[in-house]
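Engineer: entry_22.cif is reproduced below (mmCIF, C-alpha atoms).
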data_run
#
loop_
_atom_site.label_atom_id
_atom_site.label_comp_id
_atom_site.auth_asym_id
_atom_site.auth_seq_id
_atom_site.Cartn_x
_atom_site.Cartn_y
_atom_site.Cartn_z
CA MET A 1 -7.29 -16.14 27.31
CA SER A 2 -4.39 -16.83 24.92
CA SER A 3 -1.80 -14.16 24.23
CA SER A 4 -2.95 -13.84 20.60
CA ALA A 5 -6.56 -13.44 21.70
CA ALA A 6 -5.55 -10.80 24.22
CA LEU A 7 -3.94 -8.78 21.43
CA LEU A 8 -7.23 -8.71 19.55
CA GLN A 9 -9.24 -7.19 22.37
CA PRO A 10 -10.41 -3.63 21.61
CA ASP A 11 -8.83 -0.83 23.57
CA ALA A 12 -11.19 1.54 25.36
CA SER A 13 -8.89 4.52 24.94
CA GLY A 14 -10.26 5.16 21.46
CA SER A 15 -13.55 6.35 22.94
CA ARG A 16 -11.68 9.20 24.67
CA LEU A 17 -10.10 10.59 21.51
CA THR A 18 -12.04 13.72 20.71
CA SER A 19 -9.32 16.20 19.72
CA ARG A 20 -5.83 16.49 18.24
CA GLY A 21 -4.55 16.85 21.81
CA ASP A 22 -6.11 13.53 22.78
CA LEU A 23 -4.48 11.94 19.74
CA THR A 24 -1.08 13.27 20.76
CA GLY A 25 -1.49 11.95 24.30
CA PHE A 26 -2.61 8.56 23.00
CA PHE A 27 0.49 8.10 20.85
CA MET A 28 2.87 9.50 23.44
CA GLN A 29 1.60 6.88 25.90
CA LEU A 30 1.90 4.10 23.31
CA ALA A 31 5.47 5.14 22.54
CA ALA A 32 6.35 5.04 26.24
CA ASP A 33 4.69 1.62 26.65
CA ILE A 34 6.76 0.01 23.89
CA GLY A 35 10.07 1.72 24.68
CA ALA A 36 10.08 4.10 21.70
CA ASP A 37 11.33 7.67 21.83
CA SER A 38 9.34 8.97 18.90
CA TYR A 39 6.22 8.33 16.85
CA MET A 40 4.75 9.66 13.62
CA LEU A 41 1.22 8.99 12.34
CA VAL A 42 1.25 9.39 8.57
CA ALA A 43 -1.53 9.49 5.98
CA ILE A 44 -0.51 8.71 2.41
CA VAL A 45 -2.40 10.60 -0.28
CA HIS A 46 -1.92 9.84 -3.96
CA ASP A 47 -1.09 13.19 -5.56
CA GLN A 48 -0.95 13.05 -9.36
CA ASP A 49 1.99 10.70 -10.13
CA ARG A 50 3.39 10.37 -6.63
CA ASN A 51 2.50 9.50 -3.06
CA ASP A 52 2.42 12.43 -0.67
CA ALA A 53 2.96 11.94 3.07
CA ARG A 54 0.75 14.02 5.34
CA ILE A 55 1.74 14.03 8.99
CA VAL A 56 -1.35 13.66 11.18
CA SER A 57 0.41 13.56 14.56
CA SER A 58 4.06 13.37 15.55
CA ASN A 59 6.58 14.24 18.25
CA TRP A 60 9.51 14.41 15.85
CA ILE A 61 11.29 17.74 16.09
CA PHE A 62 10.48 20.15 13.26
CA ASP A 63 14.07 20.29 12.00
CA ALA A 64 14.19 16.50 11.65
CA ILE A 65 11.07 16.47 9.49
CA GLU A 66 12.39 19.30 7.34
CA LEU A 67 15.80 17.68 6.88
CA ILE A 68 14.44 14.22 6.10
CA GLY A 69 11.62 15.44 3.89
CA LYS A 70 8.16 14.14 3.03
CA ARG A 71 9.46 11.93 0.22
CA LEU A 72 11.61 9.84 2.56
CA ILE A 73 8.79 9.67 5.11
CA ALA A 74 6.47 8.33 2.39
CA ASN A 75 9.15 5.81 1.38
CA LEU A 76 9.49 4.60 4.96
CA ALA A 77 5.72 4.20 5.31
CA LEU A 78 5.33 2.35 2.02
CA GLY A 79 8.59 0.41 2.20
CA PRO A 80 9.11 -3.36 2.24
CA LEU A 81 9.62 -3.45 6.01
CA THR A 82 6.14 -2.07 6.71
CA VAL A 83 3.85 -4.76 8.13
CA ALA A 84 0.12 -5.26 8.57
CA PRO A 85 -1.45 -5.99 11.97
CA GLY A 86 -0.60 -9.46 13.23
CA VAL A 87 2.70 -9.72 11.32
CA ARG A 88 5.92 -9.63 13.33
CA PRO A 89 7.59 -6.28 12.58
CA LYS A 90 11.14 -5.95 11.32
CA PRO A 91 13.15 -2.83 12.15
CA LEU A 92 14.98 -0.49 9.86
CA VAL A 93 18.31 -0.06 11.64
CA ALA A 94 19.97 3.06 10.28
CA ALA A 95 23.50 1.82 10.97
CA HIS A 96 22.88 -1.29 8.86
CA ALA A 97 21.15 0.42 5.92
CA PRO A 98 22.86 -0.15 2.56
CA ASP A 99 24.57 2.83 1.00
CA ALA A 100 22.49 2.70 -2.18
CA GLY A 101 19.38 0.83 -1.18
CA ALA A 102 15.94 1.32 -2.69
CA LEU A 103 14.52 2.53 0.62
CA LEU A 104 17.07 5.15 1.65
CA THR A 105 20.62 6.19 0.86
CA GLY A 106 23.58 5.91 3.19
CA GLU A 107 23.47 9.67 3.76
CA GLU A 108 19.78 9.50 4.70
CA ALA A 109 20.48 6.59 7.05
CA ARG A 110 23.25 8.51 8.78
CA LEU A 111 20.97 11.53 9.08
CA LEU A 112 18.25 9.45 10.73
CA ASP A 113 20.79 8.03 13.16
CA VAL A 114 22.13 11.46 14.11
CA LEU A 115 18.60 12.80 14.61
CA GLY A 116 17.78 10.07 17.14
CA HIS A 117 16.03 7.53 14.91
CA ALA A 118 18.57 4.72 14.97
CA GLU A 119 15.82 2.09 14.78
CA ILE A 120 12.46 2.58 13.06
CA TYR A 121 9.43 0.29 12.82
CA SER A 122 6.82 1.05 10.19
CA LEU A 123 3.31 -0.32 10.78
CA ARG A 124 0.31 -0.25 8.49
CA LEU A 125 -2.99 0.57 10.18
CA ASN A 126 -6.32 -0.84 9.01
CA VAL A 127 -8.62 2.16 9.40
CA GLY A 128 -11.44 2.14 6.85
CA ARG A 129 -10.48 3.53 3.44
CA GLN A 130 -7.70 5.74 4.76
CA ARG A 131 -4.06 4.83 4.10
CA LEU A 132 -2.54 5.31 7.53
CA PHE A 133 0.83 4.27 8.88
CA VAL A 134 2.64 4.80 12.16
CA LEU A 135 6.41 4.98 12.57
CA PHE A 136 7.85 4.22 15.99
CA SER A 137 11.54 4.92 16.52
CA ALA A 138 14.22 4.85 19.18
CA GLY A 139 17.61 6.45 19.52
CA GLU A 140 19.17 3.06 20.28
CA ALA A 141 18.61 -0.15 18.33
CA GLY A 142 16.96 -2.99 20.26
CA ARG A 143 15.14 -0.81 22.76
CA ILE A 144 11.60 -1.27 21.39
CA ASP A 145 9.63 -4.24 22.78
CA LEU A 146 8.29 -6.28 19.82
CA THR A 147 5.44 -7.93 21.70
CA ALA A 148 4.27 -4.58 23.05
CA LEU A 149 4.69 -3.08 19.58
CA MET A 150 2.33 -5.62 17.98
CA LYS A 151 -0.26 -4.93 20.66
CA ALA A 152 0.17 -1.19 20.14
CA GLN A 153 -0.49 -1.60 16.42
CA LEU A 154 -3.85 -3.23 17.14
CA LYS A 155 -4.69 -0.54 19.69
CA CYS A 156 -4.05 2.07 17.01
CA CYS A 157 -6.38 0.32 14.54
CA TYR A 158 -9.20 0.09 17.08
CA ALA A 159 -8.78 3.62 18.41
CA LEU A 160 -8.46 5.39 15.06
CA SER A 161 -11.36 3.45 13.54
CA SER A 162 -13.63 5.15 16.09
CA ILE A 163 -12.64 8.68 14.99
CA PRO A 164 -12.53 8.67 11.15
CA GLN A 165 -13.63 12.29 10.80
CA LEU A 166 -10.95 13.56 13.19
CA ILE A 167 -8.26 11.64 11.32
CA ALA A 168 -9.56 12.76 7.92
CA ALA A 169 -9.64 16.41 8.94
CA ALA A 170 -6.17 16.21 10.50
CA SER A 171 -4.62 14.51 7.48
CA MET A 172 -6.17 16.60 4.73
CA GLN A 173 -4.96 20.13 5.40
CA ASP A 174 -6.42 21.10 2.02
CA PRO A 175 -4.71 18.54 -0.24
CA LEU A 176 -6.45 19.86 -3.36
CA SER A 177 -4.88 21.90 -6.12
CA ASP A 178 -6.59 25.17 -7.07
CA ARG A 179 -8.23 23.57 -10.12
CA GLU A 180 -9.41 20.53 -8.14
CA ARG A 181 -10.93 22.82 -5.52
CA GLU A 182 -12.65 24.95 -8.17
CA CYS A 183 -14.13 21.91 -9.88
CA LEU A 184 -15.50 20.52 -6.63
CA PHE A 185 -16.90 23.91 -5.70
CA TRP A 186 -18.84 24.34 -8.93
CA VAL A 187 -20.13 20.78 -8.83
CA SER A 188 -21.29 21.41 -5.25
CA GLU A 189 -23.18 24.43 -6.64
CA GLY A 190 -25.12 22.11 -8.95
CA LYS A 191 -23.15 22.68 -12.14
CA THR A 192 -22.71 19.82 -14.62
CA THR A 193 -19.31 18.72 -15.89
CA ASP A 194 -19.88 20.54 -19.19
CA GLU A 195 -20.91 23.73 -17.38
CA VAL A 196 -17.82 23.60 -15.17
CA ALA A 197 -15.69 23.12 -18.29
CA VAL A 198 -17.14 26.30 -19.82
CA ILE A 199 -16.66 28.28 -16.58
CA LEU A 200 -13.00 27.25 -16.24
CA GLY A 201 -12.19 27.26 -19.96
CA VAL A 202 -11.05 23.64 -20.09
CA SER A 203 -12.39 20.41 -21.59
CA SER A 204 -14.97 18.18 -19.91
CA ASN A 205 -12.37 15.41 -19.75
CA THR A 206 -10.04 17.74 -17.86
CA VAL A 207 -12.78 18.58 -15.37
CA ASN A 208 -13.49 14.87 -14.83
CA SER A 209 -9.77 14.28 -14.30
CA TYR A 210 -9.54 17.01 -11.64
CA ILE A 211 -12.60 15.65 -9.85
CA THR A 212 -11.23 12.10 -9.98
CA HIS A 213 -7.98 13.29 -8.38
CA ALA A 214 -9.97 15.05 -5.63
CA ILE A 215 -11.99 11.89 -4.96
CA GLN A 216 -8.77 9.86 -4.66
CA LYS A 217 -7.15 12.38 -2.30
CA PHE A 218 -10.16 12.26 0.01
CA ALA A 219 -10.35 8.44 -0.21
CA ALA A 220 -13.99 9.00 -1.17
CA SER A 221 -16.12 6.60 -3.19
CA ASN A 222 -17.85 9.22 -5.34
CA ARG A 223 -18.26 12.94 -6.06
CA ALA A 224 -20.93 13.48 -3.43
CA MET A 225 -18.73 12.03 -0.68
CA ALA A 226 -15.73 14.10 -1.81
CA ILE A 227 -17.84 17.28 -1.81
CA ALA A 228 -19.28 16.51 1.63
CA THR A 229 -15.80 15.89 3.04
CA ALA A 230 -14.45 19.11 1.50
CA ILE A 231 -17.34 21.13 2.94
CA ARG A 232 -16.98 19.62 6.43
CA SER A 233 -13.25 20.40 6.35
CA GLY A 234 -13.81 23.98 5.24
CA ILE A 235 -11.93 23.42 1.97
CA ILE A 236 -14.83 24.61 -0.22
#
How does the structure come out when it is put into structure tokens?
Structural biologist:
Amino acid sequence: MSSSAALLQPDASGSRLTSRGDLTGFFMQLAADIGADSYMLVAIVHDQDRNDARIVSSNWIFDAIELIGKRLIANLALGPLTVAPGVRPKPLVAAHAPDAGALLTGEEARLLDVLGHAEIYSLRLNVGRQRLFVLFSAGEAGRIDLTALMKAQLKCCYALSSIPQLIAAASMQDPLSDRERECLFWVSEGKTTDEVAVILGVSSNTVNSYITHAIQKFAASNRAMAIATAIRSGII
């Protein structure tokens, strides 16, 4: 079997992922296999006029996440260095980051370096309709094995594709605004858009807008799917 074909073989570990603990163990092992110190599995949810990063699983220390902030995490996940499966990854090396670049500022780069993320690889994961990314980082540039990293990216895609509900529940953490939640609730109770508008004292167009935002946040294809997802997650 060729090396490229070997990379495309499914990984059996996905069948053992039944809890958040399993997910943590899976990524900790992947990080060790490729020579990374840290990992972060991120779901990107479109929230009104911006992209919001929701951390599904990570071994970054809490202070590092708080100092760096969700905006920078979203920028790293959606940045130009992020690659799809099968594409050779390119690292973000904090020490080489430009002082006023579009991705991060010099201060942010220095902060990443100090916090032990001198080198970061951002990988896009093909997992159904969900926008998932994984960041692997090391405290020293050049430590992460690129060949192993590409294989790890495919393992992630295979493993996470087998547990969509677990990933969805872990990434949501009630992403809805109060109005979006209210609209979904009343629609789930059988109310029409016009009836919901009367109940909430807003226009029908506003109700449709709230429901559309909720559908987008859940990566659902319609109202029924968004309502079902919200009910399963205990949001409504």
Engineer: Quick one: which residues end up in the PyMOL selection byres ((chain A and resi 182) around 12) for this structure, as an MDAnalysis selection string?
Structural biologist: chainID A and resid 176:181 183:189 191 193 196:197 199:200 207 210:211 214 227 230 235:236
Engineer: From the set A:Ala226, A:Ala31, A:Ala95, A:Val202, which residue has the shortest atom-to-atom contact distance to Val114 of chain A, counting all atoms listed in the file?
Structural biologist: A:Ala95
Engineer: Please list as a PyMOL selection string every residue within 10 Å of Ala138 of chain A, counting all atoms listed in the file and excluding residues in the same chain fewer than 6 positions away.
Structural biologist: chain A and resi 31+35-39+93+113+116-121+144
Engineer: With the file shown as input, list the residues that the PyMOL selection byres ((chain A and resi 129) around 12) selects, as a count of residues only.
Structural biologist: 23
Engineer: Please evaluate the PyMOL selection byres ((chain A and resi 73-78) around 8) against the displayed coordinates and give the resulting residues as a PyMOL selection string.
Structural biologist: chain A and resi 42+44+51-53+68-72+79-80+82+103-104+122-124+133-135
Engineer: Hey, can you check how far atom CA of Thr24 of chain A sits from atom CA of Glu108 of chain A?
Structural biologist: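 Atom CA of Glu108 of chain A lies at a distance of 26.6 Å from atom CA of Thr24 of chain A.
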Engineer: My list of candidates is A:Asp63, A:Gly21, A:Val87, A:Asp194. Which is closest to Lys151 of chain A when distances are computed with all atoms listed in the file?
Structural biologist: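 So, comparing all the options, the nearest one is A:Val87.
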